[in-house]
$ cat input.txt   # compact mmCIF, C-alpha atoms and all ligand atoms
# COMPACT_ATOMS: atom_id res chain seq x y z
CA MET A 56 24.20 8.71 15.49
CA ALA A 57 23.30 7.13 18.80
CA ILE A 58 24.07 3.46 19.14
CA VAL A 59 21.35 1.48 20.86
CA SER A 60 21.91 -2.22 21.30
CA ARG A 61 19.22 -4.65 20.27
CA GLY A 62 19.09 -5.93 23.86
CA PHE A 63 18.14 -2.51 25.11
CA ARG A 64 15.35 -2.20 22.57
CA GLY A 65 14.15 -5.70 23.45
CA ARG A 66 13.63 -4.69 27.09
CA ALA A 67 12.27 -1.30 26.28
CA ARG A 68 8.73 -0.53 27.32
CA ASP A 69 6.25 1.39 25.22
CA GLU A 70 7.02 4.71 26.85
CA ASP A 71 10.79 4.37 26.31
CA VAL A 72 10.53 3.90 22.56
CA ALA A 73 10.59 6.91 20.29
CA LEU A 74 7.63 6.54 17.94
CA PRO A 75 6.45 9.00 15.29
CA PRO A 76 3.67 11.31 16.54
CA GLY A 77 0.25 9.69 16.93
CA GLN A 78 1.56 6.11 16.61
CA TYR A 79 1.21 3.22 19.07
CA LEU A 80 3.42 0.17 19.38
CA THR A 81 2.17 -3.26 18.31
CA GLU A 82 3.87 -6.64 18.57
CA ASP A 83 1.70 -8.50 16.04
CA PHE A 84 1.65 -7.73 12.31
CA PRO A 85 -1.79 -6.48 11.25
CA VAL A 86 -2.87 -7.36 7.70
CA LEU A 87 -4.33 -4.43 5.78
CA SER A 88 -5.83 -4.95 2.38
CA ALA A 89 -7.94 -2.98 -0.07
CA GLY A 90 -9.01 -6.03 -2.06
CA PRO A 91 -8.71 -9.76 -2.58
CA THR A 92 -5.23 -11.13 -1.93
CA PRO A 93 -3.47 -11.83 -5.25
CA ARG A 94 -1.88 -15.28 -5.55
CA VAL A 95 1.09 -14.94 -7.88
CA PRO A 96 3.16 -18.09 -8.45
CA THR A 97 6.88 -17.31 -8.62
CA ASP A 98 7.21 -18.99 -12.03
CA ARG A 99 4.83 -16.37 -13.43
CA TRP A 100 6.15 -13.46 -11.36
CA GLU A 101 7.81 -10.54 -13.12
CA PHE A 102 9.08 -7.17 -12.00
CA THR A 103 9.34 -4.41 -14.61
CA VAL A 104 10.86 -0.95 -14.42
CA THR A 105 9.54 1.26 -17.23
CA THR A 106 11.33 4.53 -17.90
CA GLU A 107 9.74 7.80 -18.96
CA VAL A 108 10.65 7.02 -22.60
CA GLY A 109 9.10 3.55 -22.42
CA VAL A 110 12.25 1.44 -22.06
CA LYS A 111 11.45 -1.67 -20.01
CA HIS A 112 13.77 -3.58 -17.69
CA THR A 113 12.25 -6.88 -16.55
CA TRP A 114 13.35 -9.42 -13.96
CA GLN A 115 11.92 -12.92 -13.55
CA TRP A 116 11.89 -14.57 -10.13
CA GLN A 117 15.20 -16.37 -10.71
CA ASP A 118 16.83 -13.11 -11.86
CA LEU A 119 15.80 -11.49 -8.61
CA LEU A 120 17.18 -14.33 -6.49
CA GLU A 121 20.55 -14.11 -8.24
CA LEU A 122 21.05 -10.43 -7.43
CA PRO A 123 23.02 -9.40 -4.33
CA HIS A 124 20.77 -9.47 -1.27
CA GLU A 125 20.52 -7.39 1.87
CA LYS A 126 18.84 -8.07 5.21
CA PRO A 127 17.28 -4.78 6.32
CA LYS A 128 16.02 -4.61 9.90
CA VAL A 129 13.57 -1.73 10.00
CA ASP A 130 10.69 -0.11 11.88
CA LEU A 131 7.26 -0.01 10.19
CA HIS A 132 4.75 2.81 10.63
CA CYS A 133 1.22 2.33 9.31
CA VAL A 134 -1.01 5.35 8.69
CA THR A 135 -3.75 3.53 10.65
CA LYS A 136 -1.50 4.34 13.63
CA TRP A 137 0.29 1.11 14.54
CA SER A 138 4.06 0.87 14.50
CA LYS A 139 6.09 -2.34 14.59
CA LEU A 140 9.76 -2.11 15.44
CA GLY A 141 12.78 -4.11 14.36
CA THR A 142 11.22 -6.17 11.56
CA SER A 143 13.64 -8.41 9.61
CA TRP A 144 13.47 -8.68 5.83
CA GLN A 145 15.53 -10.07 3.00
CA GLY A 146 15.62 -8.76 -0.54
CA VAL A 147 17.29 -6.68 -3.20
CA SER A 148 18.04 -2.98 -2.87
CA LEU A 149 16.43 -0.70 -5.45
CA ASP A 150 19.94 0.73 -5.90
CA VAL A 151 20.87 -2.60 -7.49
CA LEU A 152 17.73 -2.86 -9.62
CA LEU A 153 17.96 0.73 -10.86
CA GLU A 154 21.74 0.73 -11.34
CA ASP A 155 21.64 0.26 -15.12
CA VAL A 156 18.38 2.11 -15.72
CA GLU A 157 18.90 5.35 -17.61
CA THR A 158 16.36 7.95 -16.59
CA ALA A 159 15.81 11.65 -16.08
CA ALA A 160 12.67 10.97 -14.01
CA ASP A 161 12.04 12.53 -10.62
CA TYR A 162 8.99 10.45 -9.71
CA ALA A 163 7.97 6.83 -9.42
CA LEU A 164 4.56 5.16 -9.60
CA VAL A 165 4.64 1.67 -8.11
CA HIS A 166 2.22 -0.96 -9.51
CA SER A 167 1.06 -4.15 -7.86
CA TYR A 168 -0.59 -7.37 -8.93
CA GLY A 169 -4.26 -6.77 -8.12
CA GLY A 170 -4.16 -3.18 -9.38
CA TYR A 171 -2.86 -1.23 -6.37
CA THR A 172 -0.63 1.79 -7.03
CA THR A 173 1.35 4.26 -4.94
CA ASN A 174 3.61 7.18 -5.84
CA LEU A 175 6.78 8.60 -4.38
CA PRO A 176 9.80 10.64 -5.44
CA LEU A 177 12.41 8.49 -7.20
CA GLU A 178 15.10 9.67 -4.79
CA ASP A 179 13.20 7.98 -1.94
CA LEU A 180 13.79 4.62 -3.66
CA LEU A 181 17.57 5.16 -3.79
CA ASP A 182 20.56 5.41 -1.44
CA GLY A 183 19.76 2.34 0.64
CA GLN A 184 16.21 3.44 1.49
CA ALA A 185 14.14 0.86 -0.40
CA TRP A 186 14.14 -2.84 -1.28
CA ILE A 187 12.15 -5.48 -3.13
CA VAL A 188 11.81 -8.04 -0.32
CA HIS A 189 10.64 -11.65 -0.56
CA ARG A 190 11.47 -13.00 2.89
CA TYR A 191 10.20 -11.81 6.28
CA ASP A 192 11.48 -13.06 9.65
CA GLY A 193 13.46 -15.85 7.95
CA GLU A 194 10.49 -17.22 5.97
CA ASP A 195 9.17 -16.73 2.46
CA LEU A 196 6.84 -13.74 2.41
CA THR A 197 3.22 -14.92 2.66
CA PRO A 198 0.59 -13.55 0.24
CA GLU A 199 -1.18 -11.78 3.15
CA HIS A 200 1.95 -9.69 3.75
CA GLY A 201 2.57 -9.06 0.06
CA GLY A 202 4.33 -12.19 -1.17
CA PRO A 203 5.87 -13.34 -3.32
CA ALA A 204 7.54 -9.91 -3.18
CA ARG A 205 6.71 -6.45 -1.93
CA LEU A 206 8.32 -3.04 -1.93
CA LEU A 207 9.81 -1.99 1.41
CA VAL A 208 10.35 1.74 1.89
CA PRO A 209 10.23 2.02 5.67
CA HIS A 210 10.96 5.73 6.11
CA LEU A 211 7.47 6.46 4.68
CA TYR A 212 4.05 5.27 5.93
CA LEU A 213 3.53 1.62 5.10
CA TRP A 214 0.96 2.22 2.33
CA LYS A 215 3.95 3.27 0.19
CA SER A 216 5.52 -0.20 0.69
CA ALA A 217 3.30 -1.76 -1.98
CA LYS A 218 2.47 -5.43 -1.48
CA TRP A 219 2.53 -7.84 -4.49
CA VAL A 220 4.80 -5.43 -6.33
CA ARG A 221 4.81 -5.86 -10.09
CA GLY A 222 6.63 -2.86 -11.43
CA ILE A 223 7.69 0.75 -11.18
CA LYS A 224 7.00 3.46 -13.75
CA LEU A 225 9.52 6.28 -13.77
CA LEU A 226 7.83 9.59 -14.52
CA LEU A 227 8.79 13.18 -15.18
CA GLU A 228 5.67 14.37 -13.37
CA ASP A 229 4.18 13.08 -10.14
CA GLU A 230 1.10 10.87 -10.56
CA PRO A 231 -0.94 10.08 -7.44
CA GLY A 232 -1.62 6.44 -6.55
CA PHE A 233 -4.53 4.53 -5.00
CA TRP A 234 -4.69 6.26 -1.60
CA GLU A 235 -3.04 9.49 -2.72
CA THR A 236 -6.01 10.21 -5.03
CA ILE A 237 -8.48 10.03 -2.16
CA GLY A 238 -7.25 12.18 0.66
CA TYR A 239 -3.94 10.66 1.72
CA HIS A 240 -0.71 12.65 1.69
CA GLU A 241 1.40 12.57 -1.48
CA TYR A 242 4.63 11.95 0.48
CA GLY A 243 3.67 10.34 3.82
CA ASP A 244 6.54 11.00 6.23
CA PRO A 245 5.48 9.48 9.58
CA TRP A 246 7.87 11.70 11.58
CA ARG A 247 6.11 14.79 10.17
CA GLU A 248 2.74 13.02 10.55
CA GLN A 249 1.87 13.51 6.88
CA ARG A 250 -1.24 11.32 6.91
CA TYR A 251 -3.69 13.36 4.86
CA GLN A 252 -3.49 15.91 2.05
CA GLY A 253 -2.54 19.24 3.52
CA ASP A 254 -0.82 17.78 6.61
CA MET B 111 -6.70 -14.35 5.25
CA THR B 112 -8.28 -11.28 3.71
CA THR B 113 -11.99 -11.18 4.22
CA HIS B 114 -14.49 -8.64 3.10
CA LEU B 115 -17.74 -7.41 4.59
CA ASP B 116 -20.93 -6.77 2.64
CA GLY B 117 -22.08 -3.34 1.55
CA ASN B 118 -24.12 -2.79 4.70
CA ALA B 119 -20.78 -1.83 6.26
CA LEU B 120 -21.07 1.37 4.23
CA ALA B 121 -24.36 2.38 5.85
CA GLY B 122 -22.81 4.20 8.82
CA PRO B 123 -20.01 6.07 7.04
CA LEU B 124 -22.30 7.13 4.16
CA ARG B 125 -25.20 8.16 6.40
CA GLU B 126 -23.03 11.15 7.24
CA LEU B 127 -22.98 12.20 3.57
CA PHE B 128 -26.36 11.26 2.08
CA ALA B 129 -29.88 12.13 3.09
CA VAL B 130 -31.03 8.59 2.22
CA ASP B 131 -29.91 5.05 3.05
CA ILE B 132 -27.45 4.49 0.22
CA THR B 133 -27.16 0.72 0.77
CA THR B 134 -30.51 0.23 -1.04
CA ALA B 135 -29.35 2.25 -4.06
CA THR B 136 -28.45 0.34 -7.23
CA ALA B 137 -24.85 0.83 -8.32
CA GLN B 138 -23.78 -0.08 -11.83
CA CYS B 139 -20.15 -1.22 -12.05
CA SER B 140 -18.12 0.56 -14.72
CA GLY B 141 -15.85 -2.47 -14.98
CA CYS B 142 -18.37 -5.10 -16.04
CA GLY B 143 -21.71 -3.31 -16.14
CA ARG B 144 -23.26 -5.38 -13.36
CA GLY B 145 -26.00 -3.63 -11.45
CA GLY B 146 -26.75 -4.46 -7.83
CA THR B 147 -27.59 -2.79 -4.58
CA VAL B 148 -24.76 -1.16 -2.66
CA ALA B 149 -25.50 -3.68 0.11
CA THR B 150 -24.25 -6.50 -2.16
CA LEU B 151 -20.83 -4.95 -2.78
CA HIS B 152 -17.72 -6.52 -1.20
CA VAL B 153 -16.33 -4.04 1.30
CA TYR B 154 -12.68 -4.17 2.37
CA ALA B 155 -12.48 -2.28 5.63
CA SER B 156 -9.05 -3.31 6.99
CA ALA B 157 -7.42 -0.52 5.09
CA PRO B 158 -6.77 3.24 5.29
CA GLY B 159 -10.27 3.70 3.82
CA LEU B 160 -13.35 1.69 2.82
CA VAL B 161 -13.02 0.01 -0.56
CA ALA B 162 -16.22 -1.42 -2.07
CA ARG B 163 -15.71 -3.86 -4.94
CA CYS B 164 -18.05 -5.40 -7.50
CA PRO B 165 -19.01 -8.99 -6.59
CA GLY B 166 -18.93 -9.76 -10.32
CA CYS B 167 -15.49 -8.52 -11.41
CA GLU B 168 -13.84 -7.31 -8.16
CA ASP B 169 -13.17 -3.86 -9.65
CA VAL B 170 -13.41 -0.94 -7.25
CA VAL B 171 -16.94 0.55 -7.42
CA LEU B 172 -16.77 3.04 -4.59
CA ARG B 173 -14.21 4.29 -2.04
CA VAL B 174 -14.62 6.39 1.06
CA VAL B 175 -11.87 7.95 3.16
CA ARG B 176 -12.66 9.80 6.36
CA THR B 177 -10.05 12.34 7.43
CA PRO B 178 -10.38 14.46 10.59
CA ASP B 179 -12.15 17.28 8.71
CA SER B 180 -13.42 15.73 5.44
CA ALA B 181 -14.97 12.75 3.78
CA TRP B 182 -13.53 11.77 0.39
CA LEU B 183 -15.81 9.84 -1.93
CA ASP B 184 -14.58 8.22 -5.14
CA LEU B 185 -17.28 6.98 -7.52
CA ARG B 186 -15.10 6.51 -10.62
CA GLY B 187 -15.96 2.80 -10.68
CA THR B 188 -19.68 3.56 -10.72
CA VAL B 189 -21.56 4.23 -13.98
CA SER B 190 -24.61 5.34 -12.04
CA LEU B 191 -26.13 5.21 -8.61
CA ARG B 192 -29.92 4.78 -8.72
CA ILE B 193 -31.40 5.92 -5.44
CA PRO B 194 -35.00 4.91 -4.70
CA LEU B 195 -37.16 7.83 -3.54
CA ALA B 196 -40.78 8.01 -2.43
CA GLU B 197 -43.18 9.14 -5.20
ZN ZN A 301 -17.98 -5.35 -12.09

$ encode --input "input.txt" --output "structure tokens" --more "lines below"
Ligand SMILES: [Zn+2]
Amino acid sequence: MAIVSRGFRGRARDEDVALPPGQYLTEDFPVLSAGPTPRVPTDRWEFTVTTEVGVKHTWQWQDLLELPHEKPKVDLHCVTKWSKLGTSWQGVSLDVLLEDVETAADYALVHSYGGYTTNLPLEDLLDGQAWIVHRYDGEDLTPEHGGPARLLVPHLYLWKSAKWVRGIKLLLEDEPGFWETIGYHEYGDPWREQRYQGD
Amino acid sequence: MTTHLDGNALAGPLRELFAVDITTATAQCSGCGRGGTVATLHVYASAPGLVARCPGCEDVVLRVVRTPDSAWLDLRGTVSLRIPLAE
């Protein structure tokens, strides 16, 4: 694995940065939304993992805060073609949250406050690839960017990183989510430019 | 802040699909039963597609996604679409 210092990336110009095909670099953080922004107070926030046999594991806000935290620094790739590099987050790895969850499921359907859903293979949530994050750039995550907490699964297009995350259903069969039912790719790997069904 | 447009934002993208101006059609929301013209829907356009929601209950009434070679139209949130035609 090549080691590139942060200083080098900081000086890098657009053309020096390796971006997934069809993407352009942006410095700001565009807000995309398919509906009104949910306002979920942390004292009413819950996150629930439901297994394929209906067993529920629920965390309240304080439970989440007490779990071991990580500070992922990751690149974001939105299917609307912007990419933002080196974003700093703080949250709990899905490896921690799913550690004691017994399941034979291969798929996950992520649910959000406000009704949004997105699907992905369960293995894409594991092995240090996904987090429930509640801080961005050293600040509490704002509702516009998915606060109080959102999923972060940066190796897939950003629509998979559900804002206002509320829970994950573990499923034996894949079930398409909000954008996956209307033309978007079921997996969404930006490096293979899997934007639309059939890509 | 998230802001929405009104249903007239659908006129262009849907002109490609329908022979009539769909913004004057009456859509009945399957969430709450409210009927109103498509022009009165709340359209969220800062997204991978256009999402039109009921001004009464905020449920999704209609979605459109334009891919390079197709248009995808989801009307699951619509009980009916009444399209005025000349007699
Ligand atoms: Zn309604």

$ atom_distance --input "input.txt" --atom1 "atom CA of A:Arg250" --atom2 "atom CA of A:Glu178"
20.2 Å

$ residues_around --input "input.txt" --residues "B:Ala129" --least-positions-apart "3" --cutoff "12 Å" --atoms "only C-alpha atoms" --output "list in words"
Ala121, Leu124, Arg125, Glu126, Ile132, Thr133, Ile193, Pro194 and Leu195 of chain B

$ residues_around --input "input.txt" --residues "stretch 161-171 of chain A" --least-positions-apart "5" --cutoff "6 Å" --atoms "all atoms listed in the file" --output "VMD selection string"
chain A and resid 93 176 to 177 219 to 227 229

$ write_last_selection --input "input.txt" --atoms "C-alpha atoms" --output "PDB file, in the frame of the given file"
ATOM      1  CA  PRO A  93      -3.470 -11.830  -5.250  1.00  0.00           C
ATOM      2  CA  PRO A 176       9.800  10.640  -5.440  1.00  0.00           C
ATOM      3  CA  LEU A 177      12.410   8.490  -7.200  1.00  0.00           C
ATOM      4  CA  TRP A 219       2.530  -7.840  -4.490  1.00  0.00           C
ATOM      5  CA  VAL A 220       4.800  -5.430  -6.330  1.00  0.00           C
ATOM      6  CA  ARG A 221       4.810  -5.860 -10.090  1.00  0.00           C
ATOM      7  CA  GLY A 222       6.630  -2.860 -11.430  1.00  0.00           C
ATOM      8  CA  ILE A 223       7.690   0.750 -11.180  1.00  0.00           C
ATOM      9  CA  LYS A 224       7.000   3.460 -13.750  1.00  0.00           C
ATOM     10  CA  LEU A 225       9.520   6.280 -13.770  1.00  0.00           C
ATOM     11  CA  LEU A 226       7.830   9.590 -14.520  1.00  0.00           C
ATOM     12  CA  LEU A 227       8.790  13.180 -15.180  1.00  0.00           C
ATOM     13  CA  ASP A 229       4.180  13.080 -10.140  1.00  0.00           C
TER      14      ASP A 229
END

$ interface_residues --input "input.txt" --of "chain B" --to "chain A" --cutoff "8 Å" --atoms "all atoms listed in the file" --output "JSON, numbers by chain"
{"B": [111, 112, 113, 114, 154, 155, 156, 157, 158, 160, 161, 163, 168, 174, 175, 177, 182, 183, 184]}

$ residues_near_ligand --input "input.txt" --ligand "ligand ZN 301 (chain A)" --cutoff "7 Å" --atoms "only C-alpha atoms and all ligand atoms" --output "list of chain:residue names"
B:Cys139, B:Ser140, B:Gly141, B:Cys142, B:Gly143, B:Arg144, B:Cys164, B:Pro165, B:Gly166, B:Cys167, B:Glu168, B:Asp169
